[in-house]
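Novice: Okay, so here is target32.cif, and as you'll see once you scroll down, it has mmCIF, C-alpha atoms.
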data_entry
#
loop_
_atom_site.group_PDB
_atom_site.id
_atom_site.type_symbol
_atom_site.label_atom_id
_atom_site.label_comp_id
_atom_site.auth_asym_id
_atom_site.auth_seq_id
_atom_site.Cartn_x
_atom_site.Cartn_y
_atom_site.Cartn_z
ATOM 1 C CA MET A 28 8.240 219.366 33.880
ATOM 2 C CA SER A 29 9.922 221.743 36.309
ATOM 3 C CA PHE A 30 10.007 225.466 36.995
ATOM 4 C CA ARG A 31 12.546 228.139 37.815
ATOM 5 C CA ILE A 32 12.232 231.406 39.679
ATOM 6 C CA LEU A 33 13.831 234.485 38.113
ATOM 7 C CA ASN A 34 14.492 237.950 39.463
ATOM 8 C CA ALA A 35 12.532 240.666 37.665
ATOM 9 C CA GLY A 36 14.052 243.710 39.313
ATOM 10 C CA ASP A 37 13.790 244.564 42.989
ATOM 11 C CA THR A 38 9.975 244.459 43.125
ATOM 12 C CA ALA A 39 9.089 241.301 41.214
ATOM 13 C CA LEU A 40 9.968 237.685 40.495
ATOM 14 C CA THR A 41 8.858 235.364 37.705
ATOM 15 C CA ILE A 42 7.992 231.679 37.996
ATOM 16 C CA GLU A 43 8.739 230.141 34.590
ATOM 17 C CA PHE A 44 7.293 226.719 33.680
ATOM 18 C CA GLY A 45 8.575 226.363 30.104
ATOM 19 C CA GLU A 46 9.658 228.051 26.895
ATOM 20 C CA HIS A 47 6.823 227.417 24.422
ATOM 21 C CA ILE A 48 3.100 228.049 23.977
ATOM 22 C CA GLU A 49 1.571 224.831 25.279
ATOM 23 C CA ARG A 50 -1.768 224.237 26.954
ATOM 24 C CA HIS A 51 -0.362 222.261 29.899
ATOM 25 C CA LEU A 52 1.895 225.211 30.759
ATOM 26 C CA LEU A 53 -1.143 227.486 30.790
ATOM 27 C CA THR A 54 -2.816 225.043 33.188
ATOM 28 C CA ALA A 55 0.166 225.211 35.548
ATOM 29 C CA VAL A 56 0.259 229.018 35.393
ATOM 30 C CA ALA A 57 -3.485 229.234 36.094
ATOM 31 C CA ALA A 58 -3.238 226.783 39.013
ATOM 32 C CA LEU A 59 -0.393 228.746 40.597
ATOM 33 C CA ASP A 60 -2.155 232.079 40.060
ATOM 34 C CA ALA A 61 -5.319 230.770 41.747
ATOM 35 C CA ALA A 62 -3.337 229.216 44.615
ATOM 36 C CA LEU A 63 -1.454 232.445 45.312
ATOM 37 C CA ALA A 64 -4.718 234.405 45.281
ATOM 38 C CA ARG A 65 -6.092 232.059 47.961
ATOM 39 C CA ALA A 66 -2.869 232.340 49.987
ATOM 40 C CA ILE A 67 -3.088 236.133 49.867
ATOM 41 C CA ASP A 68 -6.718 236.009 51.022
ATOM 42 C CA ARG A 69 -5.694 233.769 53.954
ATOM 43 C CA GLY A 70 -2.955 236.184 54.967
ATOM 44 C CA GLU A 71 -0.105 233.817 54.094
ATOM 45 C CA LEU A 72 1.527 236.236 51.653
ATOM 46 C CA HIS A 73 1.979 239.857 52.686
ATOM 47 C CA GLY A 74 3.046 242.679 50.422
ATOM 48 C CA ILE A 75 1.930 241.200 47.098
ATOM 49 C CA VAL A 76 0.773 243.961 44.740
ATOM 50 C CA GLU A 77 -0.461 241.803 41.845
ATOM 51 C CA THR A 78 0.228 238.721 39.750
ATOM 52 C CA VAL A 79 0.612 238.758 35.959
ATOM 53 C CA PRO A 80 0.022 235.463 34.089
ATOM 54 C CA THR A 81 1.467 234.809 30.620
ATOM 55 C CA PHE A 82 1.610 231.836 28.248
ATOM 56 C CA ARG A 83 4.251 230.038 30.292
ATOM 57 C CA SER A 84 5.036 232.019 33.434
ATOM 58 C CA LEU A 85 3.612 233.995 36.315
ATOM 59 C CA THR A 86 5.153 237.248 37.507
ATOM 60 C CA VAL A 87 4.578 238.205 41.140
ATOM 61 C CA ILE A 88 4.941 241.914 41.886
ATOM 62 C CA TYR A 89 5.550 242.829 45.515
ATOM 63 C CA ASP A 90 6.182 245.891 47.662
ATOM 64 C CA PRO A 91 9.810 245.727 48.914
ATOM 65 C CA LEU A 92 8.891 247.938 51.859
ATOM 66 C CA LEU A 93 6.499 245.232 53.093
ATOM 67 C CA CYS A 94 8.292 241.997 52.147
ATOM 68 C CA SER A 95 11.347 240.565 50.428
ATOM 69 C CA ARG A 96 11.928 237.793 47.906
ATOM 70 C CA ALA A 97 13.469 235.685 50.658
ATOM 71 C CA GLU A 98 10.268 235.969 52.695
ATOM 72 C CA ILE A 99 7.772 235.121 49.940
ATOM 73 C CA GLU A 100 9.756 232.633 47.848
ATOM 74 C CA PRO A 101 9.245 229.548 50.100
ATOM 75 C CA THR A 102 5.443 229.924 49.953
ATOM 76 C CA ILE A 103 5.521 230.546 46.204
ATOM 77 C CA THR A 104 7.749 227.490 45.676
ATOM 78 C CA THR A 105 5.365 225.292 47.657
ATOM 79 C CA HIS A 106 2.421 226.375 45.538
ATOM 80 C CA ALA A 107 4.410 226.044 42.287
ATOM 81 C CA ASP A 108 5.227 222.443 43.208
ATOM 82 C CA ALA A 109 1.530 221.835 43.869
ATOM 83 C CA ALA A 110 0.618 223.405 40.505
ATOM 84 C CA LEU A 111 2.851 220.882 38.741
ATOM 85 C CA ARG A 112 1.304 218.005 40.675
ATOM 86 C CA SER A 113 -2.140 219.247 39.636
ATOM 87 C CA LEU A 114 -1.231 218.552 36.018
ATOM 88 C CA VAL A 115 -0.997 214.856 36.847
ATOM 89 C CA ALA A 116 -4.183 214.604 38.922
ATOM 90 C CA ARG A 117 -6.888 216.980 37.723
ATOM 91 C CA ASP A 118 -10.247 215.856 39.064
ATOM 92 C CA GLY A 119 -12.033 219.160 39.632
ATOM 93 C CA PRO A 120 -14.142 221.224 37.266
ATOM 94 C CA ARG A 121 -12.343 223.446 34.777
ATOM 95 C CA ARG A 122 -12.029 227.060 35.803
ATOM 96 C CA GLY A 123 -13.180 229.896 33.627
ATOM 97 C CA ARG A 124 -16.222 230.614 31.518
ATOM 98 C CA VAL A 125 -17.223 229.566 28.018
ATOM 99 C CA TRP A 126 -18.133 232.344 25.600
ATOM 100 C CA GLN A 127 -19.856 231.994 22.229
ATOM 101 C CA LEU A 128 -19.034 235.074 20.176
ATOM 102 C CA PRO A 129 -20.611 235.975 16.826
ATOM 103 C CA VAL A 130 -18.336 236.608 13.851
ATOM 104 C CA CYS A 131 -19.175 237.956 10.423
ATOM 105 C CA TYR A 132 -16.524 236.347 8.216
ATOM 106 C CA GLY A 133 -15.210 237.716 4.951
ATOM 107 C CA ASP A 134 -17.369 235.399 2.876
ATOM 108 C CA GLU A 135 -20.416 237.350 4.122
ATOM 109 C CA ILE A 136 -18.971 240.878 4.019
ATOM 110 C CA ALA A 137 -15.590 241.157 2.313
ATOM 111 C CA ALA A 138 -14.562 244.184 4.373
ATOM 112 C CA CYS A 139 -15.064 242.194 7.587
ATOM 113 C CA GLY A 140 -12.387 239.665 6.604
ATOM 114 C CA PRO A 141 -10.130 241.107 3.904
ATOM 115 C CA ASP A 142 -7.531 238.316 4.238
ATOM 116 C CA LEU A 143 -9.920 235.356 4.113
ATOM 117 C CA ASP A 144 -9.481 234.583 0.414
ATOM 118 C CA GLU A 145 -5.702 234.975 0.547
ATOM 119 C CA LEU A 146 -5.397 232.737 3.612
ATOM 120 C CA ALA A 147 -7.713 230.162 2.051
ATOM 121 C CA GLN A 148 -5.523 230.037 -1.053
ATOM 122 C CA ALA A 149 -2.367 229.658 1.056
ATOM 123 C CA CYS A 150 -3.988 226.777 2.948
ATOM 124 C CA GLY A 151 -5.331 225.103 -0.183
ATOM 125 C CA LEU A 152 -8.911 225.428 1.053
ATOM 126 C CA ALA A 153 -12.108 227.131 -0.032
ATOM 127 C CA PRO A 154 -12.945 230.269 1.993
ATOM 128 C CA ALA A 155 -16.038 228.548 3.400
ATOM 129 C CA GLU A 156 -13.876 225.682 4.667
ATOM 130 C CA VAL A 157 -11.514 228.117 6.404
ATOM 131 C CA VAL A 158 -14.537 229.627 8.136
ATOM 132 C CA ARG A 159 -15.858 226.201 9.101
ATOM 133 C CA ARG A 160 -12.536 225.084 10.555
ATOM 134 C CA HIS A 161 -11.898 228.366 12.390
ATOM 135 C CA ALA A 162 -15.366 228.241 13.977
ATOM 136 C CA SER A 163 -15.176 224.514 14.812
ATOM 137 C CA VAL A 164 -12.701 224.862 17.699
ATOM 138 C CA THR A 165 -13.176 225.760 21.357
ATOM 139 C CA TYR A 166 -10.242 228.079 22.039
ATOM 140 C CA GLU A 167 -8.499 228.679 25.353
ATOM 141 C CA VAL A 168 -7.659 232.189 26.545
ATOM 142 C CA TYR A 169 -3.924 231.902 27.133
ATOM 143 C CA MET A 170 -3.202 235.449 28.252
ATOM 144 C CA LEU A 171 -4.075 239.131 27.830
ATOM 145 C CA GLY A 172 -1.644 241.592 26.306
ATOM 146 C CA PHE A 173 -0.803 244.058 23.524
ATOM 147 C CA GLN A 174 -4.002 246.081 24.091
ATOM 148 C CA PRO A 175 -6.514 246.345 26.957
ATOM 149 C CA GLY A 176 -8.799 243.340 26.517
ATOM 150 C CA PHE A 177 -6.711 241.656 23.777
ATOM 151 C CA ALA A 178 -6.919 237.906 24.462
ATOM 152 C CA PHE A 179 -4.502 235.461 22.837
ATOM 153 C CA LEU A 180 -6.522 232.333 21.975
ATOM 154 C CA GLY A 181 -5.253 228.862 21.090
ATOM 155 C CA ASP A 182 -4.934 226.511 19.521
ATOM 156 C CA LEU A 183 -5.751 227.282 15.905
ATOM 157 C CA PRO A 184 -6.358 224.224 13.661
ATOM 158 C CA GLU A 185 -2.955 223.246 12.296
ATOM 159 C CA LEU A 186 -3.980 223.567 8.653
ATOM 160 C CA LEU A 187 -4.875 227.250 9.211
ATOM 161 C CA SER A 188 -1.562 228.122 10.850
ATOM 162 C CA ARG A 189 0.441 230.660 8.858
ATOM 163 C CA PRO A 190 3.116 233.227 9.825
ATOM 164 C CA ARG A 191 2.175 236.852 10.286
ATOM 165 C CA ARG A 192 1.783 239.050 7.212
ATOM 166 C CA ARG A 193 5.026 240.275 5.696
ATOM 167 C CA GLU A 194 3.726 243.845 5.745
ATOM 168 C CA PRO A 195 1.648 244.795 8.807
ATOM 169 C CA ARG A 196 -1.302 247.106 8.367
ATOM 170 C CA LEU A 197 -1.147 250.568 9.866
ATOM 171 C CA ARG A 198 -4.828 250.248 10.822
ATOM 172 C CA VAL A 199 -6.646 247.099 11.855
ATOM 173 C CA PRO A 200 -10.314 247.880 12.654
ATOM 174 C CA ALA A 201 -11.640 247.219 16.147
ATOM 175 C CA GLY A 202 -13.401 243.871 16.369
ATOM 176 C CA SER A 203 -11.226 242.222 13.716
ATOM 177 C CA VAL A 204 -10.918 238.453 14.187
ATOM 178 C CA ALA A 205 -7.421 237.453 13.141
ATOM 179 C CA THR A 206 -4.910 234.600 13.077
ATOM 180 C CA ALA A 207 -1.130 234.308 13.286
ATOM 181 C CA GLY A 208 0.890 231.162 13.851
ATOM 182 C CA THR A 209 -1.066 228.847 16.137
ATOM 183 C CA LEU A 210 -3.124 231.664 17.673
ATOM 184 C CA THR A 211 -6.284 233.605 16.950
ATOM 185 C CA ALA A 212 -7.559 236.813 18.549
ATOM 186 C CA ILE A 213 -10.010 239.698 18.376
ATOM 187 C CA TYR A 214 -8.649 243.239 18.220
ATOM 188 C CA PRO A 215 -10.548 245.241 20.888
ATOM 189 C CA TRP A 216 -9.372 248.566 19.468
ATOM 190 C CA GLU A 217 -8.178 249.958 16.155
ATOM 191 C CA SER A 218 -4.403 249.614 15.945
ATOM 192 C CA PRO A 219 -1.549 248.558 13.687
ATOM 193 C CA GLY A 220 -1.280 244.794 13.271
ATOM 194 C CA GLY A 221 0.240 242.032 11.197
ATOM 195 C CA TRP A 222 -2.247 239.204 11.689
ATOM 196 C CA HIS A 223 -4.514 237.746 8.990
ATOM 197 C CA LEU A 224 -8.022 239.247 9.186
ATOM 198 C CA LEU A 225 -10.778 236.657 8.680
ATOM 199 C CA GLY A 226 -13.859 238.334 10.138
ATOM 200 C CA THR A 227 -15.282 240.853 12.572
ATOM 201 C CA CYS A 228 -16.849 240.340 16.009
ATOM 202 C CA PRO A 229 -19.408 243.001 17.082
ATOM 203 C CA VAL A 230 -19.084 242.271 20.834
ATOM 204 C CA PRO A 231 -17.121 244.784 22.975
ATOM 205 C CA LEU A 232 -14.159 243.181 24.754
ATOM 206 C CA PHE A 233 -13.295 245.951 27.209
ATOM 207 C CA SER A 234 -15.170 248.610 29.146
ATOM 208 C CA VAL A 235 -14.213 250.686 32.155
ATOM 209 C CA ASN A 236 -17.891 250.534 33.166
ATOM 210 C CA TRP A 237 -17.707 246.801 33.954
ATOM 211 C CA PRO A 238 -16.560 245.471 37.351
ATOM 212 C CA GLN A 239 -13.913 243.437 35.482
ATOM 213 C CA ALA A 240 -12.973 245.655 32.550
ATOM 214 C CA ALA A 241 -11.809 242.846 30.213
ATOM 215 C CA LEU A 242 -14.529 240.524 28.901
ATOM 216 C CA LEU A 243 -12.179 237.557 28.382
ATOM 217 C CA LEU A 244 -9.842 236.326 31.121
ATOM 218 C CA PRO A 245 -7.061 233.704 31.172
ATOM 219 C CA GLY A 246 -8.630 230.262 31.580
ATOM 220 C CA ASP A 247 -11.836 231.229 29.764
ATOM 221 C CA ARG A 248 -12.780 229.407 26.569
ATOM 222 C CA VAL A 249 -14.174 230.908 23.388
ATOM 223 C CA ARG A 250 -16.278 229.489 20.575
ATOM 224 C CA PHE A 251 -16.954 231.465 17.420
ATOM 225 C CA ARG A 252 -20.343 231.406 15.696
ATOM 226 C CA ALA A 253 -20.510 232.483 12.056
ATOM 227 C CA VAL A 254 -23.357 234.953 11.506
ATOM 228 C CA ALA A 255 -24.980 236.407 8.415
ATOM 229 C CA ALA A 256 -24.494 240.019 7.404
ATOM 230 C CA SER A 257 -27.978 240.970 8.613
ATOM 231 C CA GLU A 258 -27.410 239.645 12.143
ATOM 232 C CA TYR A 259 -23.978 241.240 12.265
ATOM 233 C CA ARG A 260 -25.399 244.667 11.452
ATOM 234 C CA LEU A 261 -28.046 244.331 14.167
ATOM 235 C CA LEU A 262 -25.442 243.292 16.758
ATOM 236 C CA ARG A 263 -23.064 246.044 15.698
ATOM 237 C CA ALA A 264 -25.788 248.636 16.279
ATOM 238 C CA GLU A 265 -26.059 247.383 19.890
ATOM 239 C CA MET A 266 -22.315 247.654 20.575
ATOM 240 C CA PRO A 267 -22.234 251.181 22.074
ATOM 241 C CA LYS A 268 -25.046 250.250 24.487
ATOM 242 C CA LEU A 269 -23.256 247.040 25.515
ATOM 243 C CA ARG A 270 -20.020 248.904 26.198
ATOM 244 C CA ALA A 271 -21.820 251.572 28.256
ATOM 245 C CA ALA A 272 -23.691 249.012 30.376
ATOM 246 C CA ALA A 273 -22.756 248.417 34.012
ATOM 247 C CA GLN A 274 -22.164 244.682 33.407
ATOM 248 C CA PRO A 275 -20.515 242.735 30.563
ATOM 249 C CA PRO A 276 -22.850 241.159 27.978
ATOM 250 C CA GLN A 277 -23.835 237.880 29.627
ATOM 251 C CA ALA A 278 -25.977 236.912 26.628
ATOM 252 C CA PHE A 279 -22.783 235.628 24.992
ATOM 253 C CA LEU A 280 -21.988 233.197 27.805
ATOM 254 C CA ALA A 281 -22.545 229.654 26.547
ATOM 255 C CA ASP A 282 -24.616 226.923 28.162
ATOM 256 C CA GLY A 283 -26.635 229.138 30.475
ATOM 257 C CA GLN A 284 -23.684 230.239 32.585
ATOM 258 C CA THR A 285 -23.695 233.334 34.757
ATOM 259 C CA GLU A 286 -20.998 235.931 35.216
ATOM 260 C CA ARG A 287 -18.425 235.053 37.842
#
As a first step, turn the structure in this file into structure tokens.
Specialist:
Amino acid sequence: MSFRILNAGDTALTIEFGEHIERHLLTAVAALDAALARAIDRGELHGIVETVPTFRSLTVIYDPLLCSRAEIEPTITTHADAALRSLVARDGPRRGRVWQLPVCYGDEIAACGPDLDELAQACGLAPAEVVRRHASVTYEVYMLGFQPGFAFLGDLPELLSRPRRREPRLRVPAGSVATAGTLTAIYPWESPGGWHLLGTCPVPLFSVNWPQAALLLPGDRVRFRAVAASEYRLLRAEMPKLRAAAQPPQAFLADGQTER
């Protein structure tokens, strides 16, 4: 695997590792992002405004009054080479947190997952089996986009993979747990959308009151836990309080972790 560096206007450049959604590309992007953050902290890179990770690339935004591409590219190239080498020899602990998020699927409350039966029929499975398979995977947060706090999660079990709906909805409720292609996600806010809606998660994913406004970050992992209608209603009643709190809801961190 190799990379290329592309111009993105006069204030940014993009380091591109590949062309598809693949987990090893995410690992390279995450390694480069972390390495550049450390280089900035050490004073090796001046004028960097921010970095923006995606499925397969990292965009570095810089202030042209403080630096130029020619000045920062050698350091970025060195760290990109190291990120590729890290794919071959990974002996450290995985970065990111593991979240276990409750989901009320459409087999408990039909309105929570209006597409569950249709997707189950398309997959040749019972609705309960779709739920079991969807909740059996530990998903990786590939990137954030589309909405504040919207995390693209992969990889969906192959048997559940289906294209987006032919006719998108004008309104997808906030909290909807959905699938499209090889990905799954939770809609943080009400919006139009064309994904298949399987359930609803009552945990807020974004709050301006938290030190880090988005609950899920690239490199985190997510497990879904199917909950009964009664538990869902109790959790949903707590949602406004969780969003207004000064810290994100650490009760949903798995395995006794603490917020980073």
Novice: Distance table requested - stretch 91-209 of chain A against stretch 59-63 of chain A, cut-off 10 Å, only C-alpha atoms: one row per qualifying residue with the closest atom pair and its distance in Å to one decimal, ordered by chain and rising residue number, as a tab-separated table.
Specialist:
residue	atom	partner	partner_atom	distance
A:Thr102	CA	A:Leu63	CA	8.7
A:Ile103	CA	A:Leu63	CA	7.3
A:Thr104	CA	A:Leu59	CA	9.7
A:Thr105	CA	A:Leu59	CA	9.7
A:His106	CA	A:Leu59	CA	6.2
A:Ala107	CA	A:Leu59	CA	5.8
A:Asp108	CA	A:Leu59	CA	8.8
A:Ala109	CA	A:Leu59	CA	7.9
A:Ala110	CA	A:Leu59	CA	5.4
A:Leu111	CA	A:Leu59	CA	8.7
A:Ser113	CA	A:Leu59	CA	9.7
A:Arg122	CA	A:Ala61	CA	9.7
Novice: Please, what distance in Å, to one decimal, runs between atom CA of A:Arg83 and atom CA of A:Ile32?
Specialist: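 Spanning atom CA of A:Arg83 to atom CA of A:Ile32 is a straight-line distance of 12.4 Å.
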Novice: When you look at A:Gly172 with a cut-off of 12 Å (counting all atoms listed in the file), what residues show up, excluding the ones that are within fewer than 4 positions of it in the same chain? I need them as an NGL selection string.
Specialist: :A and (79-82 or 168 or 176-180 or 212-215 or 241 or 243-245)
Novice: Near stretch 149-153 of chain A, counting all atoms listed in the file, which residues have an atom at most 10 Å away, once you skip same-chain residues fewer than 5 positions from it, shown as a list in words?
Specialist: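 The residues that qualify are Leu143, Asp144, Val158, Arg159, Leu186, Leu187, Ser188 and Arg189 of chain A.
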Novice: Any idea what's packed within 8 Å of A:Asp90, counting all atoms listed in the file, ignoring anything in its chain fewer than 5 positions away? Could you give it as an MDAnalysis selection string?
Specialist: chainID A and resid 38 74:76 95
Novice: Written as a short mmCIF file (atom, residue, chain, number, x, y, z; two decimals) with C-alpha atoms, in the coordinates of the input, what is the full residue list that the PyMOL selection byres ((chain A and resi 205) around 7) yields on the file shown?
Specialist:
data_model
loop_
_atom_site.label_atom_id
_atom_site.label_comp_id
_atom_site.auth_asym_id
_atom_site.auth_seq_id
_atom_site.Cartn_x
_atom_site.Cartn_y
_atom_site.Cartn_z
CA SER A 203 -11.23 242.22 13.72
CA VAL A 204 -10.92 238.45 14.19
CA THR A 206 -4.91 234.60 13.08
CA THR A 211 -6.28 233.60 16.95
CA ALA A 212 -7.56 236.81 18.55
CA ILE A 213 -10.01 239.70 18.38
CA TRP A 222 -2.25 239.20 11.69
CA HIS A 223 -4.51 237.75 8.99
CA LEU A 224 -8.02 239.25 9.19
CA LEU A 225 -10.78 236.66 8.68
#
Novice: Would you list the contacts of A:Trp216 as a PDB file with C-alpha atoms, in the frame of the given file, taking every protein, DNA or RNA residue within 10 Å and counting all atoms listed in the file, but skipping same-chain residues closer than 5 positions in sequence?
Specialist:
ATOM      1  CA  GLN A 174      -4.002 246.081  24.091  1.00  0.00           C
ATOM      2  CA  PRO A 175      -6.514 246.345  26.957  1.00  0.00           C
ATOM      3  CA  GLY A 176      -8.799 243.340  26.517  1.00  0.00           C
ATOM      4  CA  PHE A 177      -6.711 241.656  23.777  1.00  0.00           C
ATOM      5  CA  ARG A 198      -4.828 250.248  10.822  1.00  0.00           C
ATOM      6  CA  VAL A 199      -6.646 247.099  11.855  1.00  0.00           C
ATOM      7  CA  PRO A 200     -10.314 247.880  12.654  1.00  0.00           C
ATOM      8  CA  ALA A 201     -11.640 247.219  16.147  1.00  0.00           C
ATOM      9  CA  GLY A 202     -13.401 243.871  16.369  1.00  0.00           C
ATOM     10  CA  SER A 203     -11.226 242.222  13.716  1.00  0.00           C
ATOM     11  CA  PRO A 231     -17.121 244.784  22.975  1.00  0.00           C
ATOM     12  CA  LEU A 232     -14.159 243.181  24.754  1.00  0.00           C
ATOM     13  CA  PHE A 233     -13.295 245.951  27.209  1.00  0.00           C
TER      14      PHE A 233
END
Novice: Using all atoms listed in the file for the distances, tell me which of A:Leu52, A:Ala155, A:Leu197, A:Ile88 is nearest to A:Glu135.
Specialist: A:Ala155
Novice: Could you tell me how far atom CA of A:Leu72 lies from atom CA of A:Ile48, in Å and to one decimal?
Specialist: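 Atom CA of A:Leu72 sits 28.9 Å away from atom CA of A:Ile48.
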